[in-house]
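J.: The structure file structure-v6.pdb (PDB, C-alpha atoms) is provided below.
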```pdb
ATOM      1  CA  MET A   1      87.454  94.515  75.599
ATOM      2  CA  SER A   2      87.673  96.686  72.516
ATOM      3  CA  ARG A   3      90.951  97.916  71.103
ATOM      4  CA  ARG A   4      91.727 101.563  71.725
ATOM      5  CA  PRO A   5      91.567 103.753  68.620
ATOM      6  CA  ARG A   6      94.575 104.872  66.623
ATOM      7  CA  ARG A   7      95.983 108.243  67.508
ATOM      8  CA  ASN A   8      98.119 110.582  65.410
ATOM      9  CA  HIS A   9     100.899 112.340  67.301
ATOM     10  CA  THR A  10     102.617 115.510  66.197
ATOM     11  CA  ALA A  11     106.363 115.718  65.675
ATOM     12  CA  GLU A  12     106.517 118.230  68.524
ATOM     13  CA  LEU A  13     104.924 115.793  70.971
ATOM     14  CA  LYS A  14     107.176 112.955  69.855
ATOM     15  CA  SER A  15     110.315 115.041  70.314
ATOM     16  CA  LYS A  16     109.090 116.235  73.712
ATOM     17  CA  MET A  17     108.481 112.667  74.861
ATOM     18  CA  ALA A  18     111.802 111.424  73.484
ATOM     19  CA  LEU A  19     113.741 114.198  75.226
ATOM     20  CA  ALA A  20     111.947 113.500  78.508
ATOM     21  CA  ALA A  21     112.891 109.809  78.202
ATOM     22  CA  ILE A  22     116.516 110.688  77.471
ATOM     23  CA  ARG A  23     116.670 112.974  80.510
ATOM     24  CA  GLY A  24     115.373 110.048  82.559
ATOM     25  CA  GLU A  25     114.041 112.084  85.469
ATOM     26  CA  LYS A  26     110.695 110.275  85.357
ATOM     27  CA  THR A  27     109.974 106.584  84.904
ATOM     28  CA  LEU A  28     108.240 105.312  81.784
ATOM     29  CA  SER A  29     105.124 104.649  83.873
ATOM     30  CA  GLU A  30     105.042 108.264  85.034
ATOM     31  CA  LEU A  31     105.532 109.634  81.511
ATOM     32  CA  ALA A  32     102.933 107.246  80.097
ATOM     33  CA  GLU A  33     100.344 108.256  82.693
ATOM     34  CA  GLN A  34     101.069 111.964  82.356
ATOM     35  CA  PHE A  35     100.684 112.031  78.571
ATOM     36  CA  ASP A  36      98.448 108.961  78.031
ATOM     37  CA  ILE A  37     101.037 107.300  75.796
ATOM     38  CA  HIS A  38     102.134 103.685  76.019
ATOM     39  CA  PRO A  39     105.669 103.129  77.430
ATOM     40  CA  ASN A  40     106.691 101.108  74.371
ATOM     41  CA  GLN A  41     105.852 104.061  72.140
ATOM     42  CA  ILE A  42     107.960 106.425  74.251
ATOM     43  CA  THR A  43     110.852 103.961  74.098
ATOM     44  CA  GLN A  44     110.545 103.803  70.308
ATOM     45  CA  TRP A  45     110.590 107.597  69.966
ATOM     46  CA  LYS A  46     113.617 107.812  72.231
ATOM     47  CA  SER A  47     115.463 105.321  70.037
ATOM     48  CA  GLN A  48     114.496 107.208  66.881
ATOM     49  CA  LEU A  49     115.742 110.499  68.305
ATOM     50  CA  LEU A  50     119.066 108.975  69.331
ATOM     51  CA  GLU A  51     119.486 107.327  65.923
ATOM     52  CA  GLY A  52     118.647 110.559  64.097
ATOM     53  CA  ALA A  53     120.845 112.769  66.265
ATOM     54  CA  ALA A  54     123.928 111.980  64.145
ATOM     55  CA  SER A  55     122.479 113.963  61.240
ATOM     56  CA  VAL A  56     122.721 117.161  63.308
ATOM     57  CA  PHE A  57     126.506 116.790  63.258
ATOM     58  CA  GLY A  58     126.819 115.725  59.652
ATOM     59  CA  GLY A  59     126.358 112.003  60.112
ATOM     60  CA  GLU A  60     123.860 109.721  58.420
ATOM     61  CA  ALA A  61     120.590 109.224  60.239
ATOM     62  CA  LYS A  62     118.566 106.051  59.842
ATOM     63  CA  ALA A  63     115.294 106.420  57.979
ATOM     64  CA  MET A  64     112.144 106.053  60.048
ATOM     65  CA  PRO A  65     109.233 104.130  58.530
ATOM     66  CA  ALA A  66     106.250 106.335  57.738
ATOM     67  CA  ALA A  67     103.930 103.803  59.360
ATOM     68  CA  GLU A  68     105.366 104.687  62.762
ATOM     69  CA  ALA A  69     103.540 108.033  62.670
ATOM     70  CA  VAL A  70     100.379 106.180  63.714
ATOM     71  CA  ASP A  71     100.126 103.809  66.655
ATOM     72  CA  TYR A  72      97.719 101.846  68.772
ATOM     73  CA  MET A  73      97.345 102.855  72.424
ATOM     74  CA  PRO A  74      97.359  99.889  74.832
ATOM     75  CA  ARG A  75      97.319 100.646  78.546
ATOM     76  CA  PRO A  76     100.594 101.426  80.370
ATOM     77  CA  THR A  77     101.862  99.298  83.270
ATOM     78  CA  SER A  78      99.162  99.221  85.933
ATOM     79  CA  ASP A  79      99.686  99.654  89.674
ATOM     80  CA  ALA A  80      98.677  96.011  90.097
ATOM     81  CA  ASP A  81     101.389  94.893  87.674
ATOM     82  CA  LEU A  82     103.966  97.106  89.381
ATOM     83  CA  MET A  83     103.096  95.391  92.663
ATOM     84  CA  LEU A  84     103.402  91.973  91.038
ATOM     85  CA  MET A  85     106.753  92.903  89.482
ATOM     86  CA  ARG A  86     108.069  93.953  92.888
ATOM     87  CA  ARG A  87     106.982  90.636  94.431
ATOM     88  CA  ILE A  88     108.327  88.585  91.509
ATOM     89  CA  ASP A  89     111.668  90.345  91.873
ATOM     90  CA  GLU A  90     111.822  89.526  95.589
ATOM     91  CA  LEU A  91     110.973  85.880  94.927
ATOM     92  CA  HIS A  92     113.512  85.693  92.099
ATOM     93  CA  LEU A  93     116.306  86.890  94.384
ATOM     94  CA  ASP A  94     115.456  84.266  97.001
ATOM     95  CA  TYR A  95     114.673  81.468  94.527
ATOM     96  CA  PRO A  96     116.551  82.249  91.291
ATOM     97  CA  PHE A  97     115.791  78.766  89.938
ATOM     98  CA  ALA A  98     112.026  79.448  89.908
ATOM     99  CA  GLY A  99     110.503  79.783  86.449
ATOM    100  CA  SER A 100     107.168  81.329  85.521
ATOM    101  CA  ARG A 101     105.176  78.223  86.560
ATOM    102  CA  MET A 102     106.717  78.021  90.024
ATOM    103  CA  LEU A 103     106.490  81.776  90.538
ATOM    104  CA  ARG A 104     102.810  81.680  89.598
ATOM    105  CA  ASP A 105     102.197  78.986  92.220
ATOM    106  CA  MET A 106     104.243  80.828  94.862
ATOM    107  CA  LEU A 107     102.267  84.002  94.211
ATOM    108  CA  PHE A 108      99.036  81.994  94.536
ATOM    109  CA  GLN A 109     100.199  80.757  97.959
ATOM    110  CA  GLN A 110     100.462  84.423  98.952
ATOM    111  CA  GLY A 111      96.929  85.161  97.795
ATOM    112  CA  LEU A 112      97.882  86.634  94.414
ATOM    113  CA  GLU A 113      96.059  84.980  91.510
ATOM    114  CA  VAL A 114      97.858  85.536  88.204
ATOM    115  CA  GLY A 115      98.296  83.389  85.093
ATOM    116  CA  ARG A 116     101.595  81.839  84.111
ATOM    117  CA  ARG A 117     101.607  83.679  80.780
ATOM    118  CA  HIS A 118     101.272  87.033  82.539
ATOM    119  CA  VAL A 119     104.078  86.122  84.959
ATOM    120  CA  ARG A 120     106.276  85.301  81.961
ATOM    121  CA  THR A 121     105.402  88.644  80.331
ATOM    122  CA  LEU A 122     106.353  90.565  83.477
ATOM    123  CA  MET A 123     109.602  88.604  83.816
ATOM    124  CA  ARG A 124     110.567  89.603  80.283
ATOM    125  CA  LYS A 125     109.783  93.234  81.041
ATOM    126  CA  MET A 126     112.015  92.992  84.118
ATOM    127  CA  SER A 127     114.782  91.232  82.173
ATOM    128  CA  ILE A 128     114.923  88.242  84.531
ATOM    129  CA  GLU A 129     114.768  84.512  83.921
ATOM    130  CA  ALA A 130     115.169  81.350  85.949
ATOM    131  CA  ILE A 131     118.743  80.229  86.569
ATOM    132  CA  TYR A 132     119.358  76.525  86.093
ATOM    133  CA  ARG A 133     121.360  74.126  83.967
ATOM    134  CA  ARG A 134     119.768  73.848  80.529
ATOM    135  CA  PRO A 135     120.599  73.912  76.827
ATOM    136  CA  ASN A 136     121.492  77.332  75.471
ATOM    137  CA  THR A 137     118.281  78.669  73.970
ATOM    138  CA  SER A 138     118.938  82.432  74.145
ATOM    139  CA  LYS A 139     119.297  84.194  70.837
ATOM    140  CA  PRO A 140     120.933  87.509  70.027
ATOM    141  CA  ALA A 141     119.306  90.202  67.946
ATOM    142  CA  PRO A 142     119.355  89.403  64.199
ATOM    143  CA  GLY A 143     122.764  90.107  62.708
ATOM    144  CA  HIS A 144     124.541  90.272  66.061
ATOM    145  CA  ARG A 145     127.622  88.110  66.505
ATOM    146  CA  ILE A 146     127.882  85.709  69.442
ATOM    147  CA  TYR A 147     131.381  85.415  70.905
ATOM    148  CA  PRO A 148     132.786  82.215  72.464
ATOM    149  CA  TYR A 149     132.884  81.606  76.200
ATOM    150  CA  LEU A 150     136.454  82.139  77.407
ATOM    151  CA  LEU A 151     136.253  81.437  81.139
ATOM    152  CA  ARG A 152     136.007  77.643  81.116
ATOM    153  CA  GLY A 153     138.893  76.345  83.218
ATOM    154  CA  LEU A 154     140.384  79.840  83.571
ATOM    155  CA  ALA A 155     142.017  80.692  86.907
ATOM    156  CA  ILE A 156     140.973  84.226  87.879
ATOM    157  CA  THR A 157     143.606  85.146  90.473
ATOM    158  CA  ARG A 158     143.939  88.929  90.220
ATOM    159  CA  PRO A 159     141.914  92.090  89.631
ATOM    160  CA  ASN A 160     141.275  93.169  86.025
ATOM    161  CA  ARG A 161     141.675  89.635  84.735
ATOM    162  CA  VAL A 162     137.944  89.465  84.000
ATOM    163  CA  TRP A 163     135.152  92.012  84.197
ATOM    164  CA  ALA A 164     131.477  91.081  84.021
ATOM    165  CA  MET A 165     128.360  93.109  83.277
ATOM    166  CA  ASP A 166     124.651  92.585  83.804
ATOM    167  CA  ILE A 167     121.348  94.470  83.992
ATOM    168  CA  THR A 168     118.693  94.295  86.711
ATOM    169  CA  TYR A 169     115.269  95.774  87.487
ATOM    170  CA  ILE A 170     114.869  98.391  90.246
ATOM    171  CA  PRO A 171     111.325  98.950  91.613
ATOM    172  CA  MET A 172     110.199 102.437  92.626
ATOM    173  CA  ALA A 173     107.127 103.971  94.227
ATOM    174  CA  ARG A 174     105.799 104.716  90.739
ATOM    175  CA  GLY A 175     107.269 102.566  88.005
ATOM    176  CA  PHE A 176     110.759 101.141  87.730
ATOM    177  CA  VAL A 177     114.195 101.687  86.202
ATOM    178  CA  TYR A 178     116.979  99.442  84.947
ATOM    179  CA  LEU A 179     120.439  99.302  86.521
ATOM    180  CA  ALA A 180     123.522  98.171  84.599
ATOM    181  CA  ALA A 181     126.780  97.485  86.438
ATOM    182  CA  VAL A 182     130.349  96.563  85.497
ATOM    183  CA  VAL A 183     131.977  94.317  88.117
ATOM    184  CA  ASP A 184     135.528  93.080  88.600
ATOM    185  CA  TRP A 185     135.234  89.304  88.852
ATOM    186  CA  PHE A 186     138.093  88.685  91.309
ATOM    187  CA  SER A 187     137.426  91.468  93.836
ATOM    188  CA  ARG A 188     133.615  91.797  93.410
ATOM    189  CA  ARG A 189     134.157  95.558  93.107
ATOM    190  CA  VAL A 190     131.453  97.495  91.232
ATOM    191  CA  LEU A 191     133.508  99.571  88.790
ATOM    192  CA  ALA A 192     130.665 101.561  87.247
ATOM    193  CA  CYS A 193     126.872 101.634  87.158
ATOM    194  CA  LYS A 194     124.250 103.473  85.141
ATOM    195  CA  GLN A 195     120.475 103.706  85.318
ATOM    196  CA  SER A 196     117.973 104.019  82.493
ATOM    197  CA  ILE A 197     114.191 104.118  82.226
ATOM    198  CA  THR A 198     114.425 102.034  79.030
ATOM    199  CA  MET A 199     116.252  98.813  78.188
ATOM    200  CA  GLU A 200     118.698 100.060  75.552
ATOM    201  CA  THR A 201     122.340  99.687  74.584
ATOM    202  CA  SER A 202     123.315 103.295  75.256
ATOM    203  CA  PHE A 203     123.358 103.177  79.060
ATOM    204  CA  CYS A 204     125.355  99.935  78.981
ATOM    205  CA  VAL A 205     127.942 101.614  76.750
ATOM    206  CA  GLU A 206     128.057 104.580  79.138
ATOM    207  CA  ALA A 207     128.755 102.269  82.101
ATOM    208  CA  LEU A 208     131.461 100.467  80.137
ATOM    209  CA  GLU A 209     133.160 103.710  79.124
ATOM    210  CA  GLU A 210     133.082 105.010  82.698
ATOM    211  CA  ALA A 211     134.678 101.808  84.001
ATOM    212  CA  LEU A 212     137.405 101.956  81.349
ATOM    213  CA  SER A 213     138.119 105.624  82.024
ATOM    214  CA  LYS A 214     138.684 105.078  85.758
ATOM    215  CA  ASN A 215     140.428 101.700  85.876
ATOM    216  CA  GLU A 216     143.055  99.596  84.191
ATOM    217  CA  LYS A 217     141.330  97.722  81.370
ATOM    218  CA  PRO A 218     140.641  93.993  81.809
ATOM    219  CA  ASP A 219     141.975  91.103  79.779
ATOM    220  CA  ILE A 220     138.488  89.624  79.277
ATOM    221  CA  PHE A 221     134.966  91.080  79.420
ATOM    222  CA  ASN A 222     132.153  88.575  80.081
ATOM    223  CA  THR A 223     128.400  89.105  79.539
ATOM    224  CA  ASP A 224     125.335  87.106  78.646
ATOM    225  CA  GLN A 225     123.978  87.072  75.101
ATOM    226  CA  GLY A 226     121.511  89.933  75.542
ATOM    227  CA  SER A 227     121.062  92.223  72.557
ATOM    228  CA  GLN A 228     122.568  95.160  74.462
ATOM    229  CA  PHE A 229     125.846  93.259  74.828
ATOM    230  CA  THR A 230     125.925  91.681  71.364
ATOM    231  CA  SER A 231     125.354  94.991  69.580
ATOM    232  CA  GLU A 232     128.161  96.276  67.367
ATOM    233  CA  VAL A 233     128.314  99.515  69.349
ATOM    234  CA  PHE A 234     129.032  97.655  72.597
ATOM    235  CA  THR A 235     131.384  94.982  71.265
ATOM    236  CA  GLY A 236     133.132  97.605  69.152
ATOM    237  CA  ARG A 237     134.153  99.528  72.274
ATOM    238  CA  LEU A 238     135.718  96.392  73.699
ATOM    239  CA  GLU A 239     137.549  95.526  70.488
ATOM    240  CA  GLU A 240     138.884  99.072  70.168
ATOM    241  CA  ASN A 241     140.509  98.623  73.574
ATOM    242  CA  GLY A 242     141.976  95.212  72.763
ATOM    243  CA  ILE A 243     139.743  93.405  75.280
ATOM    244  CA  ALA A 244     138.808  89.782  74.627
ATOM    245  CA  ILE A 245     135.022  89.281  74.561
ATOM    246  CA  SER A 246     133.432  86.324  76.336
ATOM    247  CA  MET A 247     129.737  85.437  76.367
ATOM    248  CA  ASP A 248     127.971  82.945  78.587
ATOM    249  CA  GLY A 249     127.125  79.787  76.706
ATOM    250  CA  ARG A 250     125.715  76.336  77.307
ATOM    251  CA  GLY A 251     125.607  75.315  80.955
ATOM    252  CA  ARG A 252     127.069  78.552  82.333
ATOM    253  CA  TRP A 253     124.347  79.146  84.914
ATOM    254  CA  ARG A 254     126.909  79.468  87.735
ATOM    255  CA  ASP A 255     128.249  82.687  86.216
ATOM    256  CA  ASN A 256     124.813  84.257  86.526
ATOM    257  CA  VAL A 257     124.674  83.225  90.198
ATOM    258  CA  PHE A 258     127.837  85.264  90.846
ATOM    259  CA  VAL A 259     126.202  88.447  89.539
ATOM    260  CA  GLU A 260     122.862  87.630  91.191
ATOM    261  CA  ARG A 261     124.575  87.744  94.593
ATOM    262  CA  ILE A 262     125.621  91.331  93.954
ATOM    263  CA  TRP A 263     122.078  92.276  92.885
ATOM    264  CA  LYS A 264     120.731  90.588  96.013
ATOM    265  CA  SER A 265     123.005  92.686  98.243
ATOM    266  CA  ILE A 266     122.007  95.924  96.517
ATOM    267  CA  LYS A 267     118.295  95.164  96.672
ATOM    268  CA  TYR A 268     117.964  93.745 100.180
ATOM    269  CA  GLU A 269     120.355  96.216 101.791
ATOM    270  CA  GLU A 270     119.196  99.319  99.895
ATOM    271  CA  VAL A 271     116.439  99.160  97.270
ATOM    272  CA  TYR A 272     113.775  97.254  99.229
ATOM    273  CA  LEU A 273     114.253  99.510 102.260
ATOM    274  CA  HIS A 274     113.126 102.576 100.314
ATOM    275  CA  ALA A 275     110.269 103.516  98.000
ATOM    276  CA  TYR A 276     112.061 105.890  95.653
ATOM    277  CA  ASN A 277     109.839 108.781  94.629
ATOM    278  CA  SER A 278     111.953 109.873  91.667
ATOM    279  CA  VAL A 279     114.606 108.542  89.302
ATOM    280  CA  SER A 280     117.111 111.050  90.660
ATOM    281  CA  GLU A 281     116.504 109.818  94.215
ATOM    282  CA  ALA A 282     117.000 106.212  93.132
ATOM    283  CA  ARG A 283     120.201 107.141  91.326
ATOM    284  CA  ALA A 284     121.649 109.057  94.284
ATOM    285  CA  ARG A 285     120.827 106.417  96.891
ATOM    286  CA  ILE A 286     122.085 103.487  94.815
ATOM    287  CA  VAL A 287     125.343 105.290  94.019
ATOM    288  CA  LYS A 288     125.771 105.982  97.742
ATOM    289  CA  TYR A 289     125.112 102.334  98.577
ATOM    290  CA  ILE A 290     127.617 101.115  95.995
ATOM    291  CA  GLU A 291     130.240 103.390  97.551
ATOM    292  CA  PHE A 292     129.497 101.652 100.865
ATOM    293  CA  TYR A 293     129.496  98.230  99.199
ATOM    294  CA  ASN A 294     132.910  98.817  97.657
ATOM    295  CA  SER A 295     134.691 100.591 100.484
ATOM    296  CA  MET A 296     133.124  99.501 103.782
ATOM    297  CA  ARG A 297     131.116  96.283 103.439
ATOM    298  CA  PRO A 298     133.193  93.178 104.308
ATOM    299  CA  HIS A 299     132.633  90.103 102.142
ATOM    300  CA  SER A 300     132.883  86.567 103.475
ATOM    301  CA  SER A 301     134.066  85.357 100.053
ATOM    302  CA  LEU A 302     136.934  87.889 100.323
ATOM    303  CA  LYS A 303     137.940  86.749 103.840
ATOM    304  CA  ALA A 304     136.165  89.710 105.444
ATOM    305  CA  LEU A 305     137.939  92.260 103.256
ATOM    306  CA  THR A 306     136.148  94.887 101.190
ATOM    307  CA  PRO A 307     136.136  94.914  97.376
ATOM    308  CA  ASP A 308     138.225  98.098  97.384
ATOM    309  CA  GLN A 309     140.866  96.484  99.580
ATOM    310  CA  VAL A 310     141.119  93.459  97.321
ATOM    311  CA  TYR A 311     140.962  95.397  94.054
ATOM    312  CA  CYS A 312     143.550  97.978  95.132
ATOM    313  CA  ASN A 313     145.616  95.434  97.119
ATOM    314  CA  ARG A 314     145.171  97.446 100.314
ATOM    315  CA  LEU A 315     145.234  95.240 103.406
ATOM    316  CA  PRO A 316     143.825  96.562 106.710
ATOM    317  CA  ALA A 317     146.414  97.826 109.192
ATOM    318  CA  SER A 318     146.055  94.735 111.418
ATOM    319  CA  LEU A 319     147.078  92.463 108.540
ATOM    320  CA  ALA A 320     149.642  94.744 106.954
ATOM    321  CA  ALA A 321     151.716  95.023 110.138
TER     322      ALA A 321
END
```
As structure tokens, please, write out the structure in this file.
T.:
Amino acid sequence: MSRRPRRNHTAELKSKMALAAIRGEKTLSELAEQFDIHPNQITQWKSQLLEGAASVFGGEAKAMPAAEAVDYMPRPTSDADLMLMRRIDELHLDYPFAGSRMLRDMLFQQGLEVGRRHVRTLMRKMSIEAIYRRPNTSKPAPGHRIYPYLLRGLAITRPNRVWAMDITYIPMARGFVYLAAVVDWFSRRVLACKQSITMETSFCVEALEEALSKNEKPDIFNTDQGSQFTSEVFTGRLEENGIAISMDGRGRWRDNVFVERIWKSIKYEEVYLHAYNSVSEARARIVKYIEFYNSMRPHSSLKALTPDQVYCNRLPASLAA
């Protein structure tokens, strides 16, 4: 198969695409198909626009390499890959220990022939990986600091002792979005969530700031070592608020299981029951579900109480009497 030719794009088109990505009302797949532009290119233009926006208000914008004015045009995510991503996500929730080799074989058992390398590529796009005990091989972005793990042996006996944050993939009828959530470790309460059509730091920072604005700040904030969480913008917000930063390290696979259970509830009880036709529909329905999850859904790990009841120390009338 021959490589598609280079294409020159005008500044007007780039700004139009970047603004559409920032608005986030269409998935990357929808934008890519509509304008015949690869999703990675749209993501890059979005990042460039956000980085250059500071100059409008007198700040210093980062220089953009001239070579980025020309790009190659690989194909966007196909419908077949979107179907595979949906099935991989379902299998990952049920069997979080399964790596690319096992997932390939499980897909084959279901009549889906796909190579292990392609499964691994899709897993990276979805920001998922197998959960099991192993040496710490994850690496932050170059120049990003890795903070020590602070939860080893720590008794978490009250709300706002520790918050955690993670990102997951949300399938839609056409394309997908990413969901970032801040969770109180003790009560399992989802304190804030944000969606984005691209995997960037900005929507994680927005979720963090929303959680801080509506709740008492935590003593410790725990994440994995993803580049969104190791960025100076993200860690700087935590340091400004005097919050100790903890990052999962060697052998901390159990911490990921805790967050995976929340993702599993959201997906099996909401996401997989609907084929969202738009980003705004996905946003509205997931926010509604999280309100239910926090305020009405009993949790066996909380002795049949809801996260709101535990977080706010509100016992039901039958127990308070």
J.: What's around Thr168 in chain A at 12 Å? Count all atoms listed in the file, leave out sequence neighbours fewer than 5 positions away in its own chain, and write the answer as a count of residues only.
T.: 35
J.: Kindly give the distance, in Å, that separates CA of Leu302 in chain A and CA of Arg189 in chain A, rounded to a single decimal.
T.: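 Atom-to-atom, CA of Leu302 in chain A and CA of Arg189 in chain A are spaced 10.9 Å apart.
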J.: Excluding same-chain residues fewer than 4 positions from Asp79 in chain A, what lies within 9 Å of it counting all atoms listed in the file, as a list in words?
T.: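 Here the answer would be Met83, Leu84, Arg174 and Gly175 of chain A.
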J.: To one decimal place, how far is CA of Ser78 in chain A from CA of Gly115 in chain A in Å?
T.: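 If I compute the distance from CA of Ser78 in chain A to CA of Gly115 in chain A, I get 15.9 Å.
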J.: Residues within 9 Å of Arg117 in chain A, please, as a VMD selection string. Count only C-alpha atoms; anything in the same chain fewer than 3 positions from it doesn't count.
T.: chain A and resid 100 to 101 114 120 to 122
J.: How would the residues just chosen look if you wrote them out with C-alpha atoms as a tab-separated table (two decimals), in the coordinates of the input?
T.:
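Output file again-v8.tsv follows:
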```
chain	number	residue	atom	x	y	z
A	100	SER	CA	107.17	81.33	85.52
A	101	ARG	CA	105.18	78.22	86.56
A	114	VAL	CA	97.86	85.54	88.20
A	120	ARG	CA	106.28	85.30	81.96
A	121	THR	CA	105.40	88.64	80.33
A	122	LEU	CA	106.35	90.56	83.48
```
J.: In Å, rounded to a single decimal, give me how far CA of Thr157 in chain A is from CA of Ser213 in chain A.
T.: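 It comes out at 22.8 Å.
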J.: Taking the file above as input, evaluate the PyMOL selection byres ((chain A and resi 146) around 8) and report the hits as a PyMOL selection string.
T.: chain A and resi 140+144-145+147-148+225+230+247
J.: Decode the PyMOL selection byres ((chain A and resi 218) around 9) for the given file into explicit residues and return them as a PDB file with C-alpha atoms, in the coordinates of the input.
T.:
```
ATOM      1  CA  PRO A 159     141.914  92.090  89.631  1.00  0.00           C
ATOM      2  CA  ASN A 160     141.275  93.169  86.025  1.00  0.00           C
ATOM      3  CA  ARG A 161     141.675  89.635  84.735  1.00  0.00           C
ATOM      4  CA  VAL A 162     137.944  89.465  84.000  1.00  0.00           C
ATOM      5  CA  TRP A 163     135.152  92.012  84.197  1.00  0.00           C
ATOM      6  CA  ASP A 184     135.528  93.080  88.600  1.00  0.00           C
ATOM      7  CA  LEU A 212     137.405 101.956  81.349  1.00  0.00           C
ATOM      8  CA  ASN A 215     140.428 101.700  85.876  1.00  0.00           C
ATOM      9  CA  GLU A 216     143.055  99.596  84.191  1.00  0.00           C
ATOM     10  CA  LYS A 217     141.330  97.722  81.370  1.00  0.00           C
ATOM     11  CA  ASP A 219     141.975  91.103  79.779  1.00  0.00           C
ATOM     12  CA  ILE A 220     138.488  89.624  79.277  1.00  0.00           C
ATOM     13  CA  PHE A 221     134.966  91.080  79.420  1.00  0.00           C
ATOM     14  CA  ILE A 243     139.743  93.405  75.280  1.00  0.00           C
ATOM     15  CA  ALA A 244     138.808  89.782  74.627  1.00  0.00           C
TER      16      ALA A 244
END
```
J.: Would you mind telling me which residue in A:Phe97, A:Phe234, A:Phe203, A:Tyr289 lies nearest to Ser265 in chain A when using only C-alpha atoms?
T.: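 Checking each of A:Phe97, A:Phe234, A:Phe203, A:Tyr289 against Ser265 in chain A, counting only C-alpha atoms, the winner is A:Tyr289.
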J.: Please reconstruct the missing atoms of range 93-107 of chain A (target: N, CA and C atoms) and return them as a CSV table (one decimal), in the coordinates of the input.
T.:
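The resulting file, part.csv, is reproduced below:
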```
chain,number,residue,atom,x,y,z
A,93,LEU,N,115.0,86.8,93.7
A,93,LEU,CA,116.3,86.9,94.4
A,93,LEU,C,116.5,85.8,95.4
A,94,ASP,N,115.4,85.4,96.0
A,94,ASP,CA,115.5,84.3,97.0
A,94,ASP,C,115.5,82.9,96.3
A,95,TYR,N,114.8,82.8,95.2
A,95,TYR,CA,114.7,81.5,94.5
A,95,TYR,C,115.0,81.7,93.0
A,96,PRO,N,116.2,81.9,92.7
A,96,PRO,CA,116.6,82.2,91.3
A,96,PRO,C,116.3,81.1,90.3
A,97,PHE,N,116.1,79.9,90.8
A,97,PHE,CA,115.8,78.8,89.9
A,97,PHE,C,114.3,78.7,89.5
A,98,ALA,N,113.5,79.5,90.2
A,98,ALA,CA,112.0,79.4,89.9
A,98,ALA,C,111.7,80.1,88.6
A,99,GLY,N,111.0,79.3,87.7
A,99,GLY,CA,110.5,79.8,86.4
A,99,GLY,C,109.1,80.4,86.6
A,100,SER,N,108.5,80.7,85.5
A,100,SER,CA,107.2,81.3,85.5
A,100,SER,C,106.1,80.4,86.2
A,101,ARG,N,106.2,79.1,86.0
A,101,ARG,CA,105.2,78.2,86.6
A,101,ARG,C,105.3,78.2,88.1
A,102,MET,N,106.5,78.1,88.6
A,102,MET,CA,106.7,78.0,90.0
A,102,MET,C,106.4,79.4,90.7
A,103,LEU,N,106.8,80.5,90.0
A,103,LEU,CA,106.5,81.8,90.5
A,103,LEU,C,105.0,82.0,90.6
A,104,ARG,N,104.3,81.6,89.6
A,104,ARG,CA,102.8,81.7,89.6
A,104,ARG,C,102.2,81.0,90.8
A,105,ASP,N,102.7,79.8,91.1
A,105,ASP,CA,102.2,79.0,92.2
A,105,ASP,C,102.6,79.6,93.6
A,106,MET,N,103.8,80.2,93.6
A,106,MET,CA,104.2,80.8,94.9
A,106,MET,C,103.4,82.1,95.1
A,107,LEU,N,103.1,82.8,94.1
A,107,LEU,CA,102.3,84.0,94.2
A,107,LEU,C,100.9,83.6,94.7
```
